[in-house]
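Novice: Pasting run_21.tsv below, which is TSV, N, CA and C atoms and all ligand atoms.
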```
chain	number	residue	atom	x	y	z
A	1	MET	N	-17.36	227.84	-47.90
A	1	MET	CA	-16.78	229.17	-47.68
A	1	MET	C	-17.59	229.93	-46.64
A	2	ALA	N	-16.92	230.47	-45.66
A	2	ALA	CA	-17.61	231.22	-44.60
A	2	ALA	C	-18.00	232.61	-45.10
A	3	ASP	N	-19.07	233.13	-44.54
A	3	ASP	CA	-19.47	234.49	-44.88
A	3	ASP	C	-18.43	235.45	-44.37
A	4	GLU	N	-18.20	236.49	-45.13
A	4	GLU	CA	-17.24	237.47	-44.67
A	4	GLU	C	-17.91	238.41	-43.69
A	5	LEU	N	-17.31	238.55	-42.52
A	5	LEU	CA	-17.89	239.43	-41.51
A	5	LEU	C	-17.29	240.83	-41.64
A	6	VAL	N	-18.18	241.80	-41.73
A	6	VAL	CA	-17.73	243.18	-41.90
A	6	VAL	C	-18.42	244.07	-40.88
A	7	VAL	N	-17.67	244.93	-40.25
A	7	VAL	CA	-18.23	245.90	-39.33
A	7	VAL	C	-17.90	247.28	-39.87
A	8	GLU	N	-18.89	248.17	-39.83
A	8	GLU	CA	-18.61	249.53	-40.29
A	8	GLU	C	-18.21	250.37	-39.10
A	9	SER	N	-17.08	251.05	-39.23
A	9	SER	CA	-16.59	251.92	-38.18
A	9	SER	C	-17.58	253.05	-37.93
A	10	GLN	N	-17.63	253.56	-36.71
A	10	GLN	CA	-18.49	254.71	-36.40
A	10	GLN	C	-17.77	256.02	-36.67
A	11	ILE	N	-16.52	255.93	-37.01
A	11	ILE	CA	-15.72	257.14	-37.17
A	11	ILE	C	-15.36	257.32	-38.64
A	12	ALA	N	-15.79	258.43	-39.19
A	12	ALA	CA	-15.49	258.71	-40.59
A	12	ALA	C	-14.28	259.63	-40.67
A	13	PRO	N	-13.39	259.36	-41.61
A	13	PRO	CA	-12.29	260.30	-41.81
A	13	PRO	C	-12.84	261.59	-42.41
A	14	PRO	N	-12.06	262.68	-42.41
A	14	PRO	CA	-12.58	263.94	-42.93
A	14	PRO	C	-12.97	263.81	-44.40
A	15	ALA	N	-14.05	264.48	-44.78
A	15	ALA	CA	-14.48	264.46	-46.18
A	15	ALA	C	-13.71	265.54	-46.92
A	16	LEU	N	-12.94	265.14	-47.89
A	16	LEU	CA	-12.11	266.10	-48.61
A	16	LEU	C	-12.42	266.02	-50.09
A	17	SER	N	-12.20	267.15	-50.77
A	17	SER	CA	-12.38	267.09	-52.21
A	17	SER	C	-11.03	267.25	-52.89
A	18	CYS	N	-10.98	266.74	-54.10
A	18	CYS	CA	-9.76	266.73	-54.88
A	18	CYS	C	-9.29	268.16	-55.16
A	19	PRO	N	-8.02	268.46	-54.91
A	19	PRO	CA	-7.52	269.82	-55.16
A	19	PRO	C	-7.52	270.18	-56.66
A	20	LYS	N	-7.59	269.18	-57.52
A	20	LYS	CA	-7.56	269.45	-58.96
A	20	LYS	C	-8.95	269.62	-59.55
A	21	CYS	N	-9.82	268.65	-59.28
A	21	CYS	CA	-11.11	268.67	-59.97
A	21	CYS	C	-12.29	268.88	-59.03
A	22	GLU	N	-12.02	269.01	-57.72
A	22	GLU	CA	-13.09	269.24	-56.73
A	22	GLU	C	-13.99	268.02	-56.52
A	23	GLY	N	-13.66	266.90	-57.15
A	23	GLY	CA	-14.44	265.69	-56.94
A	23	GLY	C	-14.19	265.18	-55.52
A	24	MET	N	-15.07	264.32	-55.04
A	24	MET	CA	-14.91	263.78	-53.70
A	24	MET	C	-13.80	262.73	-53.70
A	25	LEU	N	-12.94	262.80	-52.70
A	25	LEU	CA	-11.88	261.80	-52.58
A	25	LEU	C	-12.38	260.61	-51.77
A	26	PRO	N	-11.83	259.43	-52.02
A	26	PRO	CA	-12.19	258.27	-51.21
A	26	PRO	C	-11.97	258.58	-49.73
A	27	MET	N	-12.92	258.16	-48.87
A	27	MET	CA	-12.81	258.52	-47.46
A	27	MET	C	-11.91	257.54	-46.73
A	28	THR	N	-10.64	257.80	-46.82
A	28	THR	CA	-9.70	256.99	-46.08
A	28	THR	C	-8.46	257.85	-45.83
A	29	LEU	N	-7.46	257.29	-45.21
A	29	LEU	CA	-6.24	258.02	-44.96
A	29	LEU	C	-5.09	257.35	-45.71
A	30	GLY	N	-4.04	258.15	-45.97
A	30	GLY	CA	-2.90	257.61	-46.70
A	30	GLY	C	-2.91	258.13	-48.13
A	31	GLU	N	-2.33	257.36	-49.03
A	31	GLU	CA	-2.25	257.76	-50.43
A	31	GLU	C	-3.56	257.37	-51.12
A	32	VAL	N	-4.28	258.33	-51.66
A	32	VAL	CA	-5.52	258.00	-52.36
A	32	VAL	C	-5.47	258.58	-53.78
A	33	SER	N	-6.17	257.96	-54.70
A	33	SER	CA	-6.27	258.58	-56.03
A	33	SER	C	-7.70	259.01	-56.26
A	34	CYS	N	-7.82	260.19	-56.84
A	34	CYS	CA	-9.13	260.72	-57.19
A	34	CYS	C	-9.74	259.83	-58.26
A	35	LEU	N	-11.02	259.45	-58.05
A	35	LEU	CA	-11.66	258.55	-59.01
A	35	LEU	C	-12.08	259.28	-60.28
A	36	LEU	N	-12.09	260.59	-60.24
A	36	LEU	CA	-12.54	261.34	-61.41
A	36	LEU	C	-11.36	261.75	-62.29
A	37	CYS	N	-10.30	262.30	-61.69
A	37	CYS	CA	-9.20	262.79	-62.52
A	37	CYS	C	-7.90	262.04	-62.28
A	38	GLU	N	-7.94	261.06	-61.37
A	38	GLU	CA	-6.78	260.21	-61.08
A	38	GLU	C	-5.60	260.93	-60.42
A	39	ALA	N	-5.81	262.14	-59.94
A	39	ALA	CA	-4.75	262.81	-59.20
A	39	ALA	C	-4.44	262.02	-57.93
A	40	LYS	N	-3.18	261.98	-57.54
A	40	LYS	CA	-2.81	261.29	-56.30
A	40	LYS	C	-2.67	262.32	-55.18
A	41	VAL	N	-3.30	262.02	-54.07
A	41	VAL	CA	-3.30	262.96	-52.95
A	41	VAL	C	-2.93	262.19	-51.69
A	42	ARG	N	-2.12	262.81	-50.84
A	42	ARG	CA	-1.82	262.19	-49.54
A	42	ARG	C	-2.69	262.82	-48.49
A	43	ILE	N	-3.41	261.99	-47.76
A	43	ILE	CA	-4.28	262.50	-46.72
A	43	ILE	C	-3.81	261.94	-45.38
A	44	ASP	N	-3.60	262.82	-44.43
A	44	ASP	CA	-3.36	262.29	-43.09
A	44	ASP	C	-4.12	263.12	-42.08
A	45	HIS	N	-4.53	262.49	-41.03
A	45	HIS	CA	-5.35	263.13	-40.03
A	45	HIS	C	-5.13	262.40	-38.71
A	46	PRO	N	-4.16	262.90	-37.91
A	46	PRO	CA	-3.79	262.19	-36.68
A	46	PRO	C	-4.97	261.97	-35.71
A	47	LEU	N	-5.90	262.92	-35.68
A	47	LEU	CA	-7.03	262.76	-34.77
A	47	LEU	C	-7.89	261.55	-35.16
A	48	THR	N	-8.14	261.42	-36.46
A	48	THR	CA	-8.91	260.26	-36.93
A	48	THR	C	-8.15	258.98	-36.62
A	49	ARG	N	-6.86	258.98	-36.85
A	49	ARG	CA	-6.07	257.77	-36.56
A	49	ARG	C	-6.14	257.40	-35.09
A	50	ARG	N	-6.10	258.41	-34.21
A	50	ARG	CA	-6.16	258.09	-32.78
A	50	ARG	C	-7.54	257.54	-32.42
A	51	LYS	N	-8.58	258.18	-32.98
A	51	LYS	CA	-9.94	257.69	-32.68
A	51	LYS	C	-10.14	256.29	-33.21
A	52	TRP	N	-9.59	256.01	-34.39
A	52	TRP	CA	-9.70	254.67	-34.97
A	52	TRP	C	-9.05	253.64	-34.05
A	53	LYS	N	-7.89	254.02	-33.52
A	53	LYS	CA	-7.15	253.08	-32.68
A	53	LYS	C	-7.90	252.76	-31.40
A	54	GLU	N	-8.58	253.80	-30.87
A	54	GLU	CA	-9.27	253.63	-29.58
A	54	GLU	C	-10.73	253.21	-29.75
A	55	GLU	N	-11.19	253.06	-30.97
A	55	GLU	CA	-12.60	252.79	-31.19
A	55	GLU	C	-13.04	251.45	-30.58
A	56	LYS	N	-14.19	251.50	-29.93
A	56	LYS	CA	-14.79	250.28	-29.38
A	56	LYS	C	-15.87	249.81	-30.34
A	57	LEU	N	-15.93	248.53	-30.57
A	57	LEU	CA	-16.93	247.99	-31.47
A	57	LEU	C	-17.35	246.62	-30.98
A	58	SER	N	-18.47	246.14	-31.47
A	58	SER	CA	-18.86	244.78	-31.07
A	58	SER	C	-18.48	243.80	-32.14
A	59	CYS	N	-18.02	242.67	-31.70
A	59	CYS	CA	-17.67	241.59	-32.61
A	59	CYS	C	-18.93	241.16	-33.36
A	60	PRO	N	-18.87	241.06	-34.69
A	60	PRO	CA	-20.06	240.68	-35.46
A	60	PRO	C	-20.49	239.23	-35.21
A	61	ALA	N	-19.61	238.44	-34.65
A	61	ALA	CA	-19.95	237.03	-34.41
A	61	ALA	C	-20.52	236.81	-33.02
A	62	CYS	N	-19.90	237.37	-31.98
A	62	CYS	CA	-20.36	237.07	-30.62
A	62	CYS	C	-20.84	238.30	-29.86
A	63	SER	N	-20.79	239.48	-30.50
A	63	SER	CA	-21.26	240.75	-29.92
A	63	SER	C	-20.46	241.28	-28.74
A	64	LYS	N	-19.40	240.63	-28.38
A	64	LYS	CA	-18.52	241.15	-27.33
A	64	LYS	C	-17.89	242.46	-27.79
A	65	VAL	N	-17.76	243.41	-26.84
A	65	VAL	CA	-17.14	244.68	-27.21
A	65	VAL	C	-15.62	244.56	-27.15
A	66	LEU	N	-14.97	245.03	-28.20
A	66	LEU	CA	-13.52	245.02	-28.19
A	66	LEU	C	-12.99	246.36	-28.69
A	67	VAL	N	-11.73	246.60	-28.46
A	67	VAL	CA	-11.10	247.84	-28.92
A	67	VAL	C	-10.35	247.53	-30.21
A	68	ALA	N	-10.55	248.41	-31.21
A	68	ALA	CA	-9.94	248.14	-32.52
A	68	ALA	C	-8.42	247.99	-32.43
A	69	GLY	N	-7.74	248.96	-31.78
A	69	GLY	CA	-6.30	248.83	-31.60
A	69	GLY	C	-5.46	249.08	-32.84
A	70	VAL	N	-6.10	249.38	-33.97
A	70	VAL	CA	-5.34	249.67	-35.20
A	70	VAL	C	-5.80	251.02	-35.73
A	71	ASP	N	-4.84	251.75	-36.32
A	71	ASP	CA	-5.16	253.10	-36.76
A	71	ASP	C	-5.38	253.18	-38.26
A	72	GLN	N	-5.85	252.10	-38.87
A	72	GLN	CA	-6.22	252.20	-40.27
A	72	GLN	C	-7.52	251.47	-40.55
A	73	ARG	N	-8.16	251.86	-41.63
A	73	ARG	CA	-9.38	251.24	-42.11
A	73	ARG	C	-9.24	251.07	-43.61
A	74	PRO	N	-9.65	249.98	-44.22
A	74	PRO	CA	-10.14	248.80	-43.52
A	74	PRO	C	-9.03	248.08	-42.76
A	75	ALA	N	-9.43	247.38	-41.72
A	75	ALA	CA	-8.47	246.61	-40.94
A	75	ALA	C	-9.02	245.21	-40.75
A	76	GLN	N	-8.12	244.26	-40.70
A	76	GLN	CA	-8.48	242.87	-40.47
A	76	GLN	C	-8.34	242.64	-38.96
A	77	LEU	N	-9.42	242.27	-38.29
A	77	LEU	CA	-9.34	242.07	-36.84
A	77	LEU	C	-9.73	240.65	-36.47
A	78	LYS	N	-9.28	240.25	-35.29
A	78	LYS	CA	-9.64	238.94	-34.78
A	78	LYS	C	-10.21	239.14	-33.38
A	79	CYS	N	-11.38	238.60	-33.14
A	79	CYS	CA	-12.01	238.73	-31.84
A	79	CYS	C	-11.28	237.85	-30.83
A	80	GLY	N	-10.92	238.45	-29.67
A	80	GLY	CA	-10.20	237.70	-28.65
A	80	GLY	C	-11.08	236.69	-27.92
A	81	THR	N	-12.39	236.87	-28.02
A	81	THR	CA	-13.30	235.99	-27.30
A	81	THR	C	-13.69	234.76	-28.13
A	82	CYS	N	-14.20	235.00	-29.33
A	82	CYS	CA	-14.67	233.86	-30.13
A	82	CYS	C	-13.71	233.51	-31.27
A	83	GLU	N	-12.64	234.32	-31.41
A	83	GLU	CA	-11.62	234.08	-32.43
A	83	GLU	C	-12.10	234.22	-33.86
A	84	ALA	N	-13.23	234.90	-34.06
A	84	ALA	CA	-13.69	235.15	-35.43
A	84	ALA	C	-12.84	236.24	-36.05
A	85	TYR	N	-12.58	236.11	-37.34
A	85	TYR	CA	-11.89	237.16	-38.08
A	85	TYR	C	-12.94	238.02	-38.75
A	86	PHE	N	-12.72	239.32	-38.77
A	86	PHE	CA	-13.64	240.19	-39.49
A	86	PHE	C	-12.93	241.44	-39.99
A	87	THR	N	-13.60	242.14	-40.89
A	87	THR	CA	-13.04	243.36	-41.48
A	87	THR	C	-13.74	244.56	-40.88
A	88	LEU	N	-12.95	245.53	-40.46
A	88	LEU	CA	-13.49	246.78	-39.95
A	88	LEU	C	-13.27	247.84	-41.01
A	89	GLU	N	-14.38	248.37	-41.52
A	89	GLU	CA	-14.29	249.35	-42.60
A	89	GLU	C	-14.52	250.76	-42.11
A	90	ALA	N	-14.01	251.73	-42.84
A	90	ALA	CA	-14.27	253.13	-42.53
A	90	ALA	C	-15.75	253.42	-42.71
A	91	GLN	N	-16.25	254.35	-41.97
A	91	GLN	CA	-17.66	254.69	-42.10
A	91	GLN	C	-17.93	255.36	-43.45
A	92	THR	N	-19.03	254.96	-44.06
A	92	THR	CA	-19.45	255.63	-45.29
A	92	THR	C	-20.62	256.52	-44.96
A	93	PRO	N	-20.47	257.84	-45.12
A	93	PRO	CA	-21.58	258.72	-44.79
A	93	PRO	C	-22.75	258.54	-45.75
A	94	ARG	N	-23.97	258.75	-45.24
A	94	ARG	CA	-25.17	258.66	-46.08
A	94	ARG	C	-25.62	260.06	-46.45
A	95	VAL	N	-26.17	260.17	-47.63
A	95	VAL	CA	-26.73	261.45	-48.05
A	95	VAL	C	-28.11	261.21	-48.65
A	96	GLU	N	-28.90	262.26	-48.72
A	96	GLU	CA	-30.19	262.17	-49.38
A	96	GLU	C	-30.13	262.93	-50.68
A	97	ILE	N	-30.58	262.28	-51.74
A	97	ILE	CA	-30.59	262.87	-53.07
A	97	ILE	C	-32.03	262.87	-53.54
A	98	ALA	N	-32.49	263.99	-54.08
A	98	ALA	CA	-33.86	264.04	-54.59
A	98	ALA	C	-33.90	263.45	-55.99
A	99	CYS	N	-34.84	262.54	-56.19
A	99	CYS	CA	-35.01	261.93	-57.52
A	99	CYS	C	-35.50	263.00	-58.48
A	100	PRO	N	-34.88	263.12	-59.67
A	100	PRO	CA	-35.32	264.14	-60.63
A	100	PRO	C	-36.70	263.83	-61.22
A	101	GLY	N	-37.16	262.59	-61.08
A	101	GLY	CA	-38.45	262.22	-61.64
A	101	GLY	C	-39.60	262.53	-60.70
A	102	CYS	N	-39.48	262.11	-59.43
A	102	CYS	CA	-40.62	262.25	-58.52
A	102	CYS	C	-40.28	263.08	-57.29
A	103	GLU	N	-39.07	263.57	-57.22
A	103	GLU	CA	-38.61	264.41	-56.11
A	103	GLU	C	-38.61	263.73	-54.75
A	104	ARG	N	-38.76	262.46	-54.74
A	104	ARG	CA	-38.65	261.70	-53.52
A	104	ARG	C	-37.18	261.70	-53.07
A	105	ASN	N	-36.96	261.76	-51.76
A	105	ASN	CA	-35.58	261.71	-51.28
A	105	ASN	C	-35.09	260.28	-51.16
A	106	LEU	N	-33.99	260.01	-51.83
A	106	LEU	CA	-33.41	258.67	-51.77
A	106	LEU	C	-32.16	258.74	-50.89
A	107	ARG	N	-32.09	257.80	-49.97
A	107	ARG	CA	-30.95	257.77	-49.07
A	107	ARG	C	-29.90	256.82	-49.63
A	108	MET	N	-28.69	257.30	-49.74
A	108	MET	CA	-27.66	256.41	-50.27
A	108	MET	C	-26.31	256.68	-49.63
A	109	LYS	N	-25.43	255.74	-49.80
A	109	LYS	CA	-24.07	255.92	-49.30
A	109	LYS	C	-23.33	256.89	-50.20
A	110	ARG	N	-22.57	257.76	-49.58
A	110	ARG	CA	-21.83	258.73	-50.35
A	110	ARG	C	-20.46	258.15	-50.67
A	111	ARG	N	-20.36	257.56	-51.86
A	111	ARG	CA	-19.10	257.01	-52.31
A	111	ARG	C	-18.61	257.84	-53.47
A	112	PRO	N	-17.29	258.06	-53.54
A	112	PRO	CA	-16.78	258.89	-54.63
A	112	PRO	C	-16.98	258.27	-56.00
A	113	GLY	N	-17.08	259.13	-57.01
A	113	GLY	CA	-17.25	258.65	-58.38
A	113	GLY	C	-18.68	258.81	-58.85
A	114	ALA	N	-18.96	258.31	-60.02
A	114	ALA	CA	-20.30	258.42	-60.60
A	114	ALA	C	-21.01	257.08	-60.48
A	115	ARG	N	-22.32	257.12	-60.24
A	115	ARG	CA	-23.10	255.89	-60.11
A	115	ARG	C	-24.45	256.04	-60.79
A	116	ASN	N	-24.93	254.97	-61.39
A	116	ASN	CA	-26.27	254.97	-61.96
A	116	ASN	C	-27.27	254.55	-60.90
A	117	ILE	N	-28.30	255.35	-60.74
A	117	ILE	CA	-29.32	255.07	-59.74
A	117	ILE	C	-30.65	254.88	-60.45
A	118	ALA	N	-31.42	253.91	-60.01
A	118	ALA	CA	-32.79	253.77	-60.50
A	118	ALA	C	-33.69	254.02	-59.30
A	119	CYS	N	-34.56	255.00	-59.41
A	119	CYS	CA	-35.45	255.34	-58.29
A	119	CYS	C	-36.40	254.18	-58.03
A	120	PRO	N	-36.48	253.69	-56.79
A	120	PRO	CA	-37.37	252.55	-56.51
A	120	PRO	C	-38.85	252.93	-56.60
A	121	ALA	N	-39.16	254.22	-56.53
A	121	ALA	CA	-40.56	254.64	-56.55
A	121	ALA	C	-41.07	254.84	-57.98
A	122	CYS	N	-40.32	255.60	-58.79
A	122	CYS	CA	-40.84	255.93	-60.13
A	122	CYS	C	-39.99	255.33	-61.25
A	123	GLU	N	-38.93	254.63	-60.89
A	123	GLU	CA	-38.06	253.97	-61.86
A	123	GLU	C	-37.29	254.91	-62.78
A	124	THR	N	-37.26	256.18	-62.47
A	124	THR	CA	-36.41	257.10	-63.24
A	124	THR	C	-34.94	256.71	-63.02
A	125	GLU	N	-34.20	256.67	-64.09
A	125	GLU	CA	-32.77	256.39	-63.94
A	125	GLU	C	-31.98	257.67	-64.07
A	126	PHE	N	-31.04	257.86	-63.18
A	126	PHE	CA	-30.21	259.05	-63.24
A	126	PHE	C	-28.83	258.76	-62.68
A	127	VAL	N	-27.94	259.69	-62.88
A	127	VAL	CA	-26.55	259.50	-62.46
A	127	VAL	C	-26.23	260.44	-61.31
A	128	VAL	N	-25.62	259.92	-60.26
A	128	VAL	CA	-25.13	260.80	-59.20
A	128	VAL	C	-23.61	260.79	-59.23
A	129	ARG	N	-23.06	261.93	-58.87
A	129	ARG	CA	-21.62	262.12	-58.89
A	129	ARG	C	-21.22	262.80	-57.59
A	130	PHE	N	-20.21	262.30	-56.94
A	130	PHE	CA	-19.75	262.97	-55.71
A	130	PHE	C	-18.33	263.43	-55.87
A	201	ZN	ZN	-9.73	264.90	-59.07
A	202	ZN	ZN	-16.34	237.43	-31.08
A	203	ZN	ZN	-38.40	258.84	-58.47
```
Please rewrite the model in this file as structure tokens.
Ligand SMILES: [Zn+2]
Ligand SMILES: [Zn+2]
Ligand SMILES: [Zn+2]
Specialist:
Amino acid sequence: MADELVVESQIAPPALSCPKCEGMLPMTLGEVSCLLCEAKVRIDHPLTRRKWKEEKLSCPACSKVLVAGVDQRPAQLKCGTCEAYFTLEAQTPRVEIACPGCERNLRMKRRPGARNIACPACETEFVVRF
């Protein structure tokens, strides 16, 4: 089985919160469901779609620069040079969260929903929610 090649887009869709519970919505476009209250929300953003379509990225296999040409993420792309298939994902923004145990700043991906975190420095376990 070949390794799955994934490239992270440089363009993040707008960060929106759920109109019902104020929780963070998944960062994508189209029909999304809130991970906290399961409300269904339609998100569209023509500017993001245009930028996604015109985005230039390097092929993860041969590093050649290509244009995405598709206005959705994730997208399945094929490199015209080396013919490798890869997945282009929406950008996940990073945030810094202070550990409640040692106050060290931990850098993590901001993904919607709740997650258990164990601080690598002091091993305090805590929950983050976006
Ligand atoms: Zn919600
Ligand atoms: Zn390639
Ligand atoms: Zn800590």
Novice: Here is a test: counting only C-alpha atoms and all ligand atoms, which residue of A:Met24, A:Val128, A:Met108, A:Cys99 is nearest to ligand ZN 203 (chain A)?
Specialist: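 Answer, going by the shortest atom-to-atom distance: A:Cys99.
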Novice: Just how far from atom N of Ser58 in chain A is atom C of Leu25 in chain A, in Å to one decimal?
Specialist: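 Result for atom C of Leu25 in chain A versus atom N of Ser58 in chain A: 25.7 Å, one decimal.
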Novice: May I ask you to write as a list in words all residues lying at most 8 Å from ligand ZN 203 (chain A), with only N, CA and C atoms and all ligand atoms counted?
Specialist: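 My answer, listing the contacting residues, is Ala98, Cys99, Pro100, Gly101, Cys102, Glu103, Arg104, Asn105, Ala118, Cys119, Pro120, Ala121, Cys122, Glu123, Thr124 and Glu125 of chain A.
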Novice: Please, what distance in Å, to one decimal, runs between CA of Arg115 in chain A and CA of Ala12 in chain A?
Specialist: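 It comes out at 21.1 Å.
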Novice: Could you make a table, as CSV, of the residues of chain A that have an atom within 5 Å of an atom of ligand ZN 201 (chain A), each with its nearest atom pair and distance in Å to one decimal, counting only N, CA and C atoms and all ligand atoms, in chain and number order?
Specialist:
```
residue,atom,partner,partner_atom,distance
A:Cys18,CA,A:ZN201,ZN,4.6
A:Lys20,C,A:ZN201,ZN,4.8
A:Cys21,N,A:ZN201,ZN,3.8
A:Glu22,N,A:ZN201,ZN,4.9
A:Gly23,N,A:ZN201,ZN,4.8
A:Cys34,CA,A:ZN201,ZN,4.6
A:Leu36,C,A:ZN201,ZN,4.8
A:Cys37,N,A:ZN201,ZN,3.7
A:Glu38,N,A:ZN201,ZN,4.8
A:Ala39,N,A:ZN201,ZN,4.9
```
Novice: Per residue of chain A within 6 Å of ligand ZN 202 (chain A), what are the shortest atom pair and its distance in Å to one decimal, counting all atoms listed in the file, with rows by chain and residue number, as a tab-separated table?
Specialist:
```
residue	atom	partner	partner_atom	distance
A:Cys59	CA	A:ZN202	ZN	4.6
A:Pro60	N	A:ZN202	ZN	5.7
A:Ala61	C	A:ZN202	ZN	4.6
A:Cys62	N	A:ZN202	ZN	3.7
A:Ser63	N	A:ZN202	ZN	4.9
A:Lys64	N	A:ZN202	ZN	5.2
A:Cys79	CA	A:ZN202	ZN	4.6
A:Gly80	N	A:ZN202	ZN	5.7
A:Thr81	C	A:ZN202	ZN	4.8
A:Cys82	N	A:ZN202	ZN	3.7
A:Glu83	N	A:ZN202	ZN	4.8
A:Ala84	N	A:ZN202	ZN	5.0
```
Novice: Closest to Leu29 in chain A among A:Arg73, A:Ala114, A:Val6, A:Lys53, using only N, CA and C atoms?
Specialist: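 Using only N, CA and C atoms, Leu29 in chain A sits closest to A:Arg73.
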Novice: Rank nothing, just name the residue among A:Glu4, A:Glu54, A:Ile11, A:Gly113 nearest to Leu35 in chain A, using all atoms listed in the file.
Specialist: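 Selected residue with least distance to Leu35 in chain A: A:Gly113.
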Novice: Take atom C of Ile97 in chain A and CA of Val32 in chain A and report the distance between them in Å, one decimal.
Specialist: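 Taking atom C of Ile97 in chain A as the start and CA of Val32 in chain A as the end point, the length is 27.0 Å.
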Novice: Which parts of range 5-73 of chain A does DSSP call strand (DSSP E or B) when run on the backbone here, written out as a PyMOL selection string?
Specialist: chain A and resi 6-8+17+24+30-33+40-43+56-58+65-67
Novice: Using only N, CA and C atoms, which residue out of A:Ser33, A:Thr28, A:Gln72, A:Thr87 lies closest to Leu5 in chain A?
Specialist: A:Thr87
Novice: Just asking: which residues within range 16-72 of chain A are helix (DSSP H, G or I) according to DSSP, as a ChimeraX atom specification?
Specialist: /A:46-54
Novice: Write the residues of the preceding selection, restricted to N, CA and C atoms, as a PDB file, in the frame of the given file.
Specialist:
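Written file, selection-v4.pdb:
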```
ATOM      1  N   PRO A  46      -4.160 262.900 -37.910  1.00  0.00           N
ATOM      2  CA  PRO A  46      -3.790 262.190 -36.680  1.00  0.00           C
ATOM      3  C   PRO A  46      -4.970 261.970 -35.710  1.00  0.00           C
ATOM      4  N   LEU A  47      -5.900 262.920 -35.680  1.00  0.00           N
ATOM      5  CA  LEU A  47      -7.030 262.760 -34.770  1.00  0.00           C
ATOM      6  C   LEU A  47      -7.890 261.550 -35.160  1.00  0.00           C
ATOM      7  N   THR A  48      -8.140 261.420 -36.460  1.00  0.00           N
ATOM      8  CA  THR A  48      -8.910 260.260 -36.930  1.00  0.00           C
ATOM      9  C   THR A  48      -8.150 258.980 -36.620  1.00  0.00           C
ATOM     10  N   ARG A  49      -6.860 258.980 -36.850  1.00  0.00           N
ATOM     11  CA  ARG A  49      -6.070 257.770 -36.560  1.00  0.00           C
ATOM     12  C   ARG A  49      -6.140 257.400 -35.090  1.00  0.00           C
ATOM     13  N   ARG A  50      -6.100 258.410 -34.210  1.00  0.00           N
ATOM     14  CA  ARG A  50      -6.160 258.090 -32.780  1.00  0.00           C
ATOM     15  C   ARG A  50      -7.540 257.540 -32.420  1.00  0.00           C
ATOM     16  N   LYS A  51      -8.580 258.180 -32.980  1.00  0.00           N
ATOM     17  CA  LYS A  51      -9.940 257.690 -32.680  1.00  0.00           C
ATOM     18  C   LYS A  51     -10.140 256.290 -33.210  1.00  0.00           C
ATOM     19  N   TRP A  52      -9.590 256.010 -34.390  1.00  0.00           N
ATOM     20  CA  TRP A  52      -9.700 254.670 -34.970  1.00  0.00           C
ATOM     21  C   TRP A  52      -9.050 253.640 -34.050  1.00  0.00           C
ATOM     22  N   LYS A  53      -7.890 254.020 -33.520  1.00  0.00           N
ATOM     23  CA  LYS A  53      -7.150 253.080 -32.680  1.00  0.00           C
ATOM     24  C   LYS A  53      -7.900 252.760 -31.400  1.00  0.00           C
ATOM     25  N   GLU A  54      -8.580 253.800 -30.870  1.00  0.00           N
ATOM     26  CA  GLU A  54      -9.270 253.630 -29.580  1.00  0.00           C
ATOM     27  C   GLU A  54     -10.730 253.210 -29.750  1.00  0.00           C
TER      28      GLU A  54
END
```
Novice: Considering only C-alpha atoms, state which residue in the set A:Leu77, A:Val41, A:Val70, A:Val7 is at the smallest distance from Ala90 in chain A.
Specialist: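 Among A:Leu77, A:Val41, A:Val70, A:Val7, it is A:Val7 that comes nearest to Ala90 in chain A.
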Novice: Please write a file for range 99-109 of chain A, taken from the block I just shared, that holds N, CA and C atoms and is laid out as a short mmCIF file (atom, residue, chain, number, x, y, z; two decimals), in the first residue's frame.
Specialist:
```
data_model
loop_
_atom_site.label_atom_id
_atom_site.label_comp_id
_atom_site.auth_asym_id
_atom_site.auth_seq_id
_atom_site.Cartn_x
_atom_site.Cartn_y
_atom_site.Cartn_z
N CYS A 99 -1.37 25.84 29.02
CA CYS A 99 -1.63 24.67 29.85
C CYS A 99 -2.07 25.14 31.23
N PRO A 100 -3.17 24.59 31.76
CA PRO A 100 -3.64 25.02 33.09
C PRO A 100 -2.69 24.56 34.21
N GLY A 101 -1.81 23.61 33.93
CA GLY A 101 -0.89 23.11 34.95
C GLY A 101 0.36 23.96 35.06
N CYS A 102 1.01 24.23 33.92
CA CYS A 102 2.31 24.91 33.98
C CYS A 102 2.32 26.22 33.19
N GLU A 103 1.20 26.57 32.61
CA GLU A 103 1.05 27.81 31.86
C GLU A 103 1.93 27.92 30.62
N ARG A 104 2.51 26.85 30.23
CA ARG A 104 3.27 26.81 29.00
C ARG A 104 2.30 26.91 27.82
N ASN A 105 2.71 27.60 26.77
CA ASN A 105 1.84 27.69 25.59
C ASN A 105 2.01 26.48 24.70
N LEU A 106 0.91 25.81 24.43
CA LEU A 106 0.95 24.65 23.56
C LEU A 106 0.33 25.04 22.22
N ARG A 107 1.04 24.71 21.16
CA ARG A 107 0.55 25.04 19.84
C ARG A 107 -0.22 23.85 19.28
N MET A 108 -1.42 24.09 18.83
CA MET A 108 -2.17 22.98 18.28
C MET A 108 -3.06 23.42 17.13
N LYS A 109 -3.52 22.46 16.39
CA LYS A 109 -4.44 22.75 15.30
C LYS A 109 -5.81 23.06 15.87
#
```
